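K.L.:
Dropping in entry22.txt, which is compact mmCIF, C-alpha atoms:
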```txt
# COMPACT_ATOMS: atom_id res chain seq x y z
CA MET A 105 -18.53 -3.32 18.56
CA VAL A 106 -20.28 -2.94 15.29
CA SER A 107 -21.20 0.67 15.06
CA GLU A 108 -24.93 0.81 14.66
CA HIS A 109 -24.86 4.24 13.17
CA SER A 110 -22.59 3.42 10.27
CA ASP A 111 -25.34 4.48 7.93
CA ALA A 112 -25.28 3.63 4.28
CA ALA A 113 -24.45 7.16 3.22
CA ALA A 114 -21.25 7.23 5.23
CA ASP A 115 -20.21 3.85 3.89
CA THR A 116 -20.79 4.61 0.28
CA SER A 117 -18.80 7.81 0.54
CA ALA A 118 -15.80 6.11 2.11
CA LEU A 119 -12.93 6.65 -0.23
CA ALA A 120 -9.34 5.53 -0.30
CA LEU A 121 -6.63 6.98 -2.48
CA LYS A 122 -3.31 5.39 -3.18
CA ILE A 123 0.07 7.02 -3.59
CA LEU A 124 3.21 5.03 -4.37
CA VAL A 125 6.65 5.79 -3.06
CA ALA A 126 9.33 4.38 -5.34
CA GLY A 127 13.07 4.69 -5.75
CA GLY A 128 16.24 2.73 -5.32
CA PHE A 129 17.13 0.41 -2.50
CA GLY A 130 17.89 2.30 0.70
CA VAL A 131 16.91 5.73 -0.60
CA GLY A 132 14.50 6.37 2.27
CA LYS A 133 11.11 5.13 1.07
CA THR A 134 10.12 3.64 4.38
CA THR A 135 11.45 6.72 6.17
CA LEU A 136 9.25 8.98 4.09
CA VAL A 137 6.20 6.79 4.59
CA GLY A 138 6.86 6.75 8.33
CA ALA A 139 7.37 10.51 8.53
CA VAL A 140 3.95 11.38 7.16
CA SER A 141 1.89 8.39 8.20
CA GLU A 142 -0.39 8.65 11.20
CA ILE A 143 0.14 4.98 11.88
CA ARG A 144 3.46 3.29 12.35
CA PRO A 145 4.42 2.03 8.91
CA LEU A 146 2.88 -1.38 8.51
CA ARG A 147 4.34 -4.18 6.56
CA THR A 148 2.45 -6.59 4.38
CA GLU A 149 3.94 -9.56 2.72
CA GLU A 150 3.04 -10.91 -0.62
CA LEU A 151 3.85 -14.50 -1.34
CA LEU A 152 5.35 -15.06 -4.70
CA SER A 153 4.08 -17.96 -6.72
CA GLU A 154 7.39 -17.94 -8.47
CA ALA A 155 10.57 -17.50 -6.53
CA GLY A 156 12.93 -14.84 -7.79
CA GLN A 157 15.72 -16.35 -9.80
CA SER A 158 18.47 -13.82 -9.39
CA VAL A 159 20.09 -13.03 -6.12
CA ASP A 160 20.54 -9.43 -5.04
CA ASP A 161 23.98 -8.02 -5.33
CA THR A 162 23.42 -5.62 -2.46
CA ASP A 163 26.64 -6.42 -0.65
CA GLY A 164 26.10 -8.30 2.53
CA VAL A 165 22.48 -7.28 2.83
CA ASP A 166 20.69 -10.44 1.94
CA HIS A 167 21.79 -13.32 -0.19
CA LYS A 168 18.93 -15.69 0.22
CA VAL A 169 16.42 -16.23 -2.49
CA THR A 170 13.16 -15.45 -0.84
CA THR A 171 9.60 -16.27 -1.70
CA THR A 172 7.99 -13.38 0.07
CA VAL A 173 8.27 -9.71 -0.60
CA ALA A 174 7.37 -7.02 1.88
CA MET A 175 5.69 -3.71 1.20
CA ASP A 176 5.61 -0.93 3.71
CA PHE A 177 2.64 1.27 3.87
CA GLY A 178 1.15 4.09 5.88
CA ARG A 179 -2.10 5.98 6.12
CA ILE A 180 -3.17 9.58 6.36
CA THR A 181 -6.79 10.28 7.23
CA ILE A 182 -7.88 13.43 5.48
CA ARG A 183 -11.31 13.29 7.02
CA SER A 184 -13.74 10.63 8.08
CA GLY A 185 -14.29 8.55 4.97
CA LEU A 186 -11.34 9.87 3.01
CA SER A 187 -7.93 8.31 3.51
CA LEU A 188 -4.67 8.42 1.69
CA TYR A 189 -2.60 5.25 1.63
CA LEU A 190 1.09 5.36 0.91
CA PHE A 191 2.85 2.28 -0.40
CA GLY A 192 6.57 1.87 -0.56
CA THR A 193 7.25 -0.17 -3.68
CA PRO A 194 9.60 -3.12 -3.39
CA GLY A 195 13.05 -1.86 -4.31
CA GLN A 196 14.33 -4.86 -6.21
CA ASP A 197 13.82 -4.99 -9.92
CA ARG A 198 12.71 -8.57 -9.93
CA PHE A 199 9.56 -7.62 -8.05
CA TRP A 200 8.32 -5.35 -10.76
CA PHE A 201 5.29 -7.44 -11.46
CA LEU A 202 4.06 -6.28 -8.08
CA TRP A 203 4.31 -2.70 -9.18
CA ASP A 204 1.65 -3.32 -11.81
CA GLU A 205 -0.82 -4.26 -9.18
CA LEU A 206 0.24 -1.48 -6.86
CA SER A 207 0.07 1.17 -9.52
CA GLN A 208 -3.42 0.26 -10.65
CA GLY A 209 -5.69 3.08 -9.67
CA ALA A 210 -2.92 5.01 -8.00
CA LEU A 211 -3.39 8.73 -7.77
CA GLY A 212 0.29 9.20 -8.40
CA ALA A 213 3.78 8.41 -7.27
CA VAL A 214 6.74 9.91 -5.51
CA VAL A 215 10.10 8.86 -6.91
CA LEU A 216 12.70 9.33 -4.21
CA ALA A 217 16.17 10.09 -5.50
CA ASP A 218 19.60 10.26 -3.96
CA THR A 219 21.92 12.51 -5.95
CA ARG A 220 24.86 10.25 -5.10
CA ARG A 221 23.13 7.36 -6.87
CA LEU A 222 20.78 9.06 -9.23
CA GLU A 223 20.74 6.13 -11.63
CA ASP A 224 18.95 4.04 -9.01
CA CYS A 225 15.73 5.86 -9.70
CA PHE A 226 15.86 5.55 -13.51
CA PRO A 227 13.72 2.40 -13.54
CA ALA A 228 11.01 4.06 -11.46
CA VAL A 229 11.02 7.18 -13.64
CA ASP A 230 10.75 5.04 -16.78
CA TYR A 231 8.00 2.96 -15.30
CA PHE A 232 5.75 5.85 -14.37
CA GLU A 233 6.46 7.80 -17.55
CA HIS A 234 5.49 4.82 -19.69
CA ARG A 235 2.31 4.25 -17.81
CA ARG A 236 1.47 7.92 -17.68
CA ILE A 237 1.12 7.85 -13.94
CA PRO A 238 1.67 11.34 -12.51
CA PHE A 239 4.80 11.48 -10.41
CA VAL A 240 7.11 13.93 -8.74
CA VAL A 241 10.79 13.38 -8.12
CA ALA A 242 11.72 14.07 -4.51
CA VAL A 243 15.44 14.47 -3.96
CA ASN A 244 16.22 13.19 -0.51
CA CYS A 245 18.89 15.54 0.75
CA PHE A 246 21.13 13.21 2.68
CA PRO A 247 23.53 14.93 5.03
CA GLY A 248 26.92 15.06 3.35
CA ALA A 249 25.54 14.79 -0.16
CA ARG A 250 26.50 17.63 -2.41
CA GLY A 251 23.67 20.03 -2.96
CA HIS A 252 22.17 19.94 -6.42
CA GLY A 253 19.50 22.20 -7.71
CA ALA A 254 16.15 20.79 -8.71
CA HIS A 255 16.90 21.93 -12.22
CA ASP A 256 20.11 19.88 -12.41
CA VAL A 257 18.28 16.78 -11.28
CA SER A 258 15.49 17.37 -13.75
CA ARG A 259 18.00 17.61 -16.57
CA ALA A 260 20.05 14.64 -15.44
CA LEU A 261 16.93 12.49 -15.35
CA ASP A 262 15.72 13.90 -18.66
CA LEU A 263 12.30 14.40 -17.19
CA ASP A 264 9.31 15.36 -19.28
CA HIS A 265 8.65 19.05 -19.17
CA GLY A 266 6.56 19.95 -16.16
CA THR A 267 7.42 16.97 -13.99
CA PRO A 268 8.06 18.56 -10.59
CA VAL A 269 11.33 18.03 -8.76
CA VAL A 270 11.24 18.77 -5.04
CA LEU A 271 14.13 18.81 -2.61
CA CYS A 272 13.18 17.15 0.64
CA ASP A 273 14.29 15.56 3.84
CA ALA A 274 12.49 12.24 4.05
CA ARG A 275 12.78 12.22 7.83
CA GLU A 276 10.83 15.44 8.23
CA ARG A 277 7.09 15.31 8.38
CA ASP A 278 6.60 18.82 6.99
CA SER A 279 8.98 18.12 4.17
CA GLY A 280 7.16 14.89 3.33
CA LYS A 281 3.82 16.69 3.44
CA GLU A 282 5.10 19.26 0.98
CA VAL A 283 6.15 16.48 -1.41
CA LEU A 284 2.70 14.93 -1.25
CA ILE A 285 1.00 18.28 -1.77
CA ARG A 286 3.10 18.92 -4.86
CA LEU A 287 2.19 15.48 -6.16
CA VAL A 288 -1.54 15.89 -5.65
CA GLU A 289 -1.45 19.32 -7.28
CA TYR A 290 0.44 17.89 -10.23
CA ALA A 291 -1.86 14.88 -10.52
CA GLY A 292 -4.79 17.29 -10.67
CA ARG A 293 -3.17 19.29 -13.46
CA MET A 294 -2.33 16.12 -15.42
CA HIS A 295 -5.85 14.85 -15.06
CA THR A 296 -7.41 18.10 -16.20
CA ALA A 297 -5.09 18.20 -19.20
CA ARG A 298 -6.09 14.67 -20.16
CA LEU A 299 -9.76 15.50 -19.88
CA LEU A 300 -9.26 18.45 -22.21
CA ASP A 301 -7.32 16.21 -24.59
CA SER A 302 -10.07 13.65 -24.71
CA VAL A 303 -12.66 16.36 -25.40
CA GLY A 304 -10.62 18.10 -28.07
CA MET B 99 3.17 -8.12 14.75
CA ILE B 100 4.98 -11.31 15.51
CA ASP B 101 2.13 -13.15 17.13
CA MET B 102 2.29 -16.76 16.26
CA PRO B 103 -0.59 -17.94 14.15
CA PRO B 104 -3.13 -19.59 16.38
CA GLY B 105 -4.36 -23.09 15.82
CA ARG B 106 -1.28 -25.02 16.89
CA PRO B 107 -1.66 -25.87 20.51
CA GLY B 108 1.84 -26.31 21.85
CA GLU B 109 2.40 -28.26 24.99
CA PRO B 110 2.96 -25.79 27.76
CA GLY B 111 6.50 -25.40 28.94
CA ILE B 112 8.22 -26.92 25.97
CA GLN B 113 7.60 -24.27 23.38
CA TRP B 114 10.76 -24.59 21.35
CA TYR B 115 9.93 -22.09 18.66
CA ASP B 116 9.75 -18.33 18.77
CA GLY B 117 8.94 -15.55 16.33
CA GLU B 118 12.23 -16.09 14.54
CA ALA B 119 11.17 -19.55 13.49
CA GLY B 120 8.53 -18.06 11.22
CA PRO B 121 5.04 -19.36 10.79
CA LEU B 122 4.57 -23.01 11.63
CA VAL B 123 1.53 -23.35 9.44
CA ARG B 124 2.10 -23.01 5.75
CA PRO B 125 0.17 -19.93 4.71
CA TYR B 126 -2.05 -21.50 2.11
CA ALA B 127 -2.97 -24.30 4.48
CA MET B 128 -5.23 -21.71 6.09
CA THR B 129 -7.09 -21.38 2.84
CA GLY B 130 -7.38 -25.10 2.23
CA GLY B 131 -4.83 -24.78 -0.55
CA ARG B 132 -6.79 -22.20 -2.48
CA THR B 133 -4.80 -19.35 -3.95
CA GLN B 134 -7.67 -17.45 -5.55
CA PRO B 135 -10.76 -16.00 -3.87
CA GLY B 136 -13.94 -17.99 -4.39
CA PRO B 137 -16.13 -18.42 -7.46
CA SER B 138 -17.31 -14.81 -7.46
CA GLY B 139 -13.97 -13.95 -9.01
CA VAL B 140 -13.61 -10.72 -7.07
CA SER B 141 -10.17 -9.28 -6.84
CA PHE B 142 -9.39 -7.29 -3.78
CA ASP B 143 -7.24 -4.25 -4.30
CA LEU B 144 -4.78 -3.46 -1.52
CA ILE B 145 -6.80 -0.38 -0.63
CA ALA B 146 -10.25 -1.91 -1.07
CA LEU B 147 -12.08 -1.07 2.15
CA VAL B 148 -13.62 -3.90 4.12
CA THR B 149 -16.53 -3.27 6.47
CA LEU B 150 -18.50 -5.71 8.56
CA ASP B 151 -21.92 -6.18 7.09
CA PRO B 152 -24.31 -4.86 9.73
CA ALA B 153 -26.92 -7.30 8.43
CA ALA B 154 -24.60 -10.24 9.00
CA PRO B 155 -25.80 -12.92 11.36
CA ALA B 156 -24.48 -12.77 14.88
CA THR B 157 -21.57 -14.94 15.90
CA ASP B 158 -23.50 -18.18 16.22
CA ASP B 159 -22.55 -19.88 12.99
CA ASP B 160 -18.84 -19.43 13.40
CA THR B 161 -18.29 -23.08 12.66
CA LEU B 162 -17.97 -21.97 9.06
CA LEU B 163 -15.09 -19.73 9.95
CA GLY B 164 -11.51 -20.62 10.76
CA PRO B 165 -9.46 -18.76 13.32
CA GLU B 166 -7.93 -16.58 10.61
CA HIS B 167 -11.37 -15.65 9.30
CA ARG B 168 -12.35 -14.66 12.79
CA ALA B 169 -9.17 -12.65 13.23
CA LEU B 170 -10.10 -10.64 10.13
CA VAL B 171 -13.65 -10.14 11.35
CA ASP B 172 -12.32 -8.94 14.69
CA LEU B 173 -10.03 -6.45 13.00
CA CYS B 174 -12.93 -5.07 10.96
CA ARG B 175 -15.02 -4.76 14.09
CA LEU B 176 -12.86 -1.87 15.27
CA GLU B 177 -13.08 0.16 12.11
CA THR B 178 -13.22 -0.14 8.36
CA GLN B 179 -9.94 -1.59 7.18
CA SER B 180 -8.10 -1.72 3.91
CA VAL B 181 -6.96 -5.09 2.64
CA ALA B 182 -3.36 -4.04 3.26
CA GLU B 183 -4.11 -3.14 6.87
CA LEU B 184 -5.88 -6.43 7.41
CA ALA B 185 -2.88 -8.33 6.10
CA ALA B 186 -0.54 -6.43 8.41
CA GLY B 187 -2.92 -6.64 11.36
CA ALA B 188 -3.48 -10.37 11.04
CA ASP B 189 0.15 -10.95 10.09
CA LEU B 190 -0.87 -12.90 7.03
CA PRO B 191 0.33 -12.62 3.44
CA VAL B 192 -1.91 -10.50 1.25
CA GLY B 193 -2.68 -13.43 -1.03
CA VAL B 194 -4.02 -15.44 1.88
CA VAL B 195 -6.09 -12.54 3.16
CA ARG B 196 -7.68 -12.18 -0.27
CA VAL B 197 -8.85 -15.78 -0.24
CA LEU B 198 -10.21 -15.50 3.29
CA LEU B 199 -11.99 -12.26 2.44
CA GLY B 200 -13.57 -13.99 -0.53
CA ASP B 201 -15.05 -16.49 1.91
CA LEU B 202 -16.31 -13.77 4.22
CA LEU B 203 -17.84 -11.95 1.30
CA GLU B 204 -19.65 -15.06 0.13
CA LEU B 205 -20.93 -15.68 3.62
CA GLY B 206 -22.22 -12.14 3.70
CA ARG B 207 -20.12 -11.19 6.69
CA VAL B 208 -18.39 -8.26 5.09
CA THR B 209 -18.92 -5.71 2.40
CA VAL B 210 -16.05 -4.57 0.24
CA ARG B 211 -15.72 -1.16 -1.28
CA ARG B 212 -13.39 -1.05 -4.21
CA PRO B 213 -11.20 1.93 -4.88
CA VAL B 214 -12.28 4.44 -7.45
CA PRO B 215 -11.29 3.20 -10.90
CA PRO B 216 -8.52 5.30 -12.45
CA ALA B 217 -10.70 6.55 -15.26
CA GLN B 218 -12.90 8.34 -12.77
CA LEU B 219 -10.01 9.73 -10.81
CA PRO B 220 -9.78 12.28 -9.56
CA ASP B 221 -12.51 14.74 -8.89
CA GLU B 222 -11.00 18.20 -8.70
CA ARG B 223 -12.92 19.10 -5.57
CA LEU B 224 -11.70 15.93 -3.92
CA LEU B 225 -8.09 16.70 -4.75
CA ARG B 226 -8.43 20.17 -3.31
CA GLU B 227 -9.81 18.59 -0.20
CA VAL B 228 -6.81 16.26 -0.02
CA ILE B 229 -4.37 19.15 -0.45
CA GLU B 230 -6.06 21.18 2.25
CA GLY B 231 -6.15 18.15 4.51
CA LEU B 232 -2.43 17.61 4.02
CA ARG B 233 -1.66 21.25 4.76
CA ALA B 234 -3.68 21.04 7.96
CA LEU B 235 -1.82 18.00 9.26
```
As structure tokens - that is how I would like this structure written.

P.N.:
Amino acid sequence: MVSEHSDAAADTSALALKILVAGGFGVGKTTLVGAVSEIRPLRTEELLSEAGQSVDDTDGVDHKVTTTVAMDFGRITIRSGLSLYLFGTPGQDRFWFLWDELSQGALGAVVLADTRRLEDCFPAVDYFEHRRIPFVVAVNCFPGARGHGAHDVSRALDLDHGTPVVLCDARERDSGKEVLIRLVEYAGRMHTARLLDSVG
Amino acid sequence: MIDMPPGRPGEPGIQWYDGEAGPLVRPYAMTGGRTQPGPSGVSFDLIALVTLDPAAPATDDDTLLGPEHRALVDLCRLETQSVAELAAGADLPVGVVRVLLGDLLELGRVTVRRPVPPAQLPDERLLREVIEGLRAL
């Protein structure tokens, strides 16, 4: 049914915001998206016009050279006409050109980190720092991983001063919510600072 | 999610393929080989919101539309959908959905609302609203 009462005012105020979830392969991006999304994480596929040349070295996971790449995403409806979309970025480096499209207009990003393989999130941190996209680092506290303080992680990643580091459990909805709240708060502060910069 | 694309009438009883076989129609065959949306040159962001145009003609000229077009229209009928949701809902690659949406836009069947450009992002009041909304989840 086409809703007859979808008046112009409601339509023009419909707004969608985009948040990216990045990090290394298997760090829990899809888990995080699923934990906070009100819909089951959906999967879209993007066809590549150019097949990836290199083959992943993720042992035993997948050795075929593929021509499609999947992105997981979820949605949170803040209110009627205002939704937050979460996109898990493709984990493999060779799909970086997709990040450019994904990151366009993004409110910000969550970089998920695993302290056992911290280096896996370096590329994501570099990417967002270079593009001046606000991001928070969320340390996914895997059971069995040694506890590290947020401060340690911040130093190990050599983060810019002020970039928030949050410890989280990507499986927990409340924990995921907290990560998103920290990100939106931070994005707001970054934006205000930039406005002041451009005025001064 | 693993519905087979329509448009390939199999003979009943001897359906040899299943979801594992993957699509039996090459994706860009559905777009007539086009990889870019029509002449209007619009680019659809993943979170661009697609709404059925209430002023659109009723379903009598559907000869212009292929089954995939109609699948997209049907999805939009339920509620406003993002491009990403449409791709997942119709089980089509995003690139294909963009081309099909270009057609629907030209035919005046849908309206597309683009996301707020980054330079205008984000209104402080809006962000506060998002934060409060997240807390209330």

K.L.:
I'd like the neighbourhood of Lys281 in chain A as a CSV table (one decimal) with C-alpha atoms, keeping the file's coordinate frame, where a residue qualifies if any of its atoms comes within 8 Å (using all atoms listed in the file), though same-chain residues fewer than 6 positions away should be ignored.

P.N.:
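Dumped to out-v9.csv:
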```csv
chain,number,residue,atom,x,y,z
A,140,VAL,CA,4.0,11.4,7.2
B,232,LEU,CA,-2.4,17.6,4.0
B,233,ARG,CA,-1.7,21.2,4.8
```

K.L.:
Interatomic distance between CA of Asp256 in chain A and CA of Leu124 in chain A?

P.N.:
23.9 Å

K.L.:
Can you tell me how far CA of Gly138 in chain A sits from CA of Val197 in chain B, in Å to one decimal?

P.N.:
28.8 Å

K.L.:
What does the structure give for the distance between CA of Ser184 in chain A and CA of Asp221 in chain B, in Å to one decimal?

P.N.:
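Taking CA of Ser184 in chain A as the start and CA of Asp221 in chain B as the end point, the length is 17.5 Å.
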
K.L.:
Compute the chain B side of the contact with chain A at 9 Å, counting only C-alpha atoms, and hand it back as number ranges by chain.

P.N.:
B: 125, 143-147, 149-152, 174-177, 180, 182-187, 189-194, 211-217, 219-222, 225-233, 235

K.L.:
Write out as a ChimeraX atom specification which residues come within 8 Å of range 232-247 of chain A when counting all atoms listed in the file, dropping same-chain ones fewer than 2 positions away.

P.N.:
/A:131-132,210-219,228-230,249,251,254,267-274,283,286-287,290-291,294

K.L.:
Let me have the centre and edge lengths in Å, one decimal, of the box along x, y and z around every listed atom of range 266-274 of chain A with 5 Å of margin on each side, as JSON.

P.N.:
```
{"center_x": 10.4, "center_y": 16.1, "center_z": -6.1, "size_x": 17.7, "size_y": 17.7, "size_z": 30.2}
```

K.L.:
Using all atoms listed in the file, find all polymer residues with an atom at most 10 Å away from the point (-10.3, -12.1, 0.7); report them as number ranges by chain.

P.N.:
B: 134-136, 140-143, 148, 167, 170, 181, 184-185, 192-204, 208, 210

K.L.:
Between A:Gly253, A:Pro227, A:Gly127, A:Gly266, single out the one closest to Gly192 in chain A, counting only C-alpha atoms.

P.N.:
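That would be A:Gly127, the residue with the smallest distance to Gly192 in chain A.
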
K.L.:
Write out as a ChimeraX atom specification which residues come within 10 Å of Gly164 in chain B when counting all atoms listed in the file, dropping same-chain ones fewer than 2 positions away.

P.N.:
/B:105,128-129,160-162,166-169,198

K.L.:
List as a PyMOL selection string: which residues have an atom within 7 Å of (13.7, 11.4, -13.4), counting all atoms listed in the file?

P.N.:
chain A and resi 225-226+229+241+258+261-263
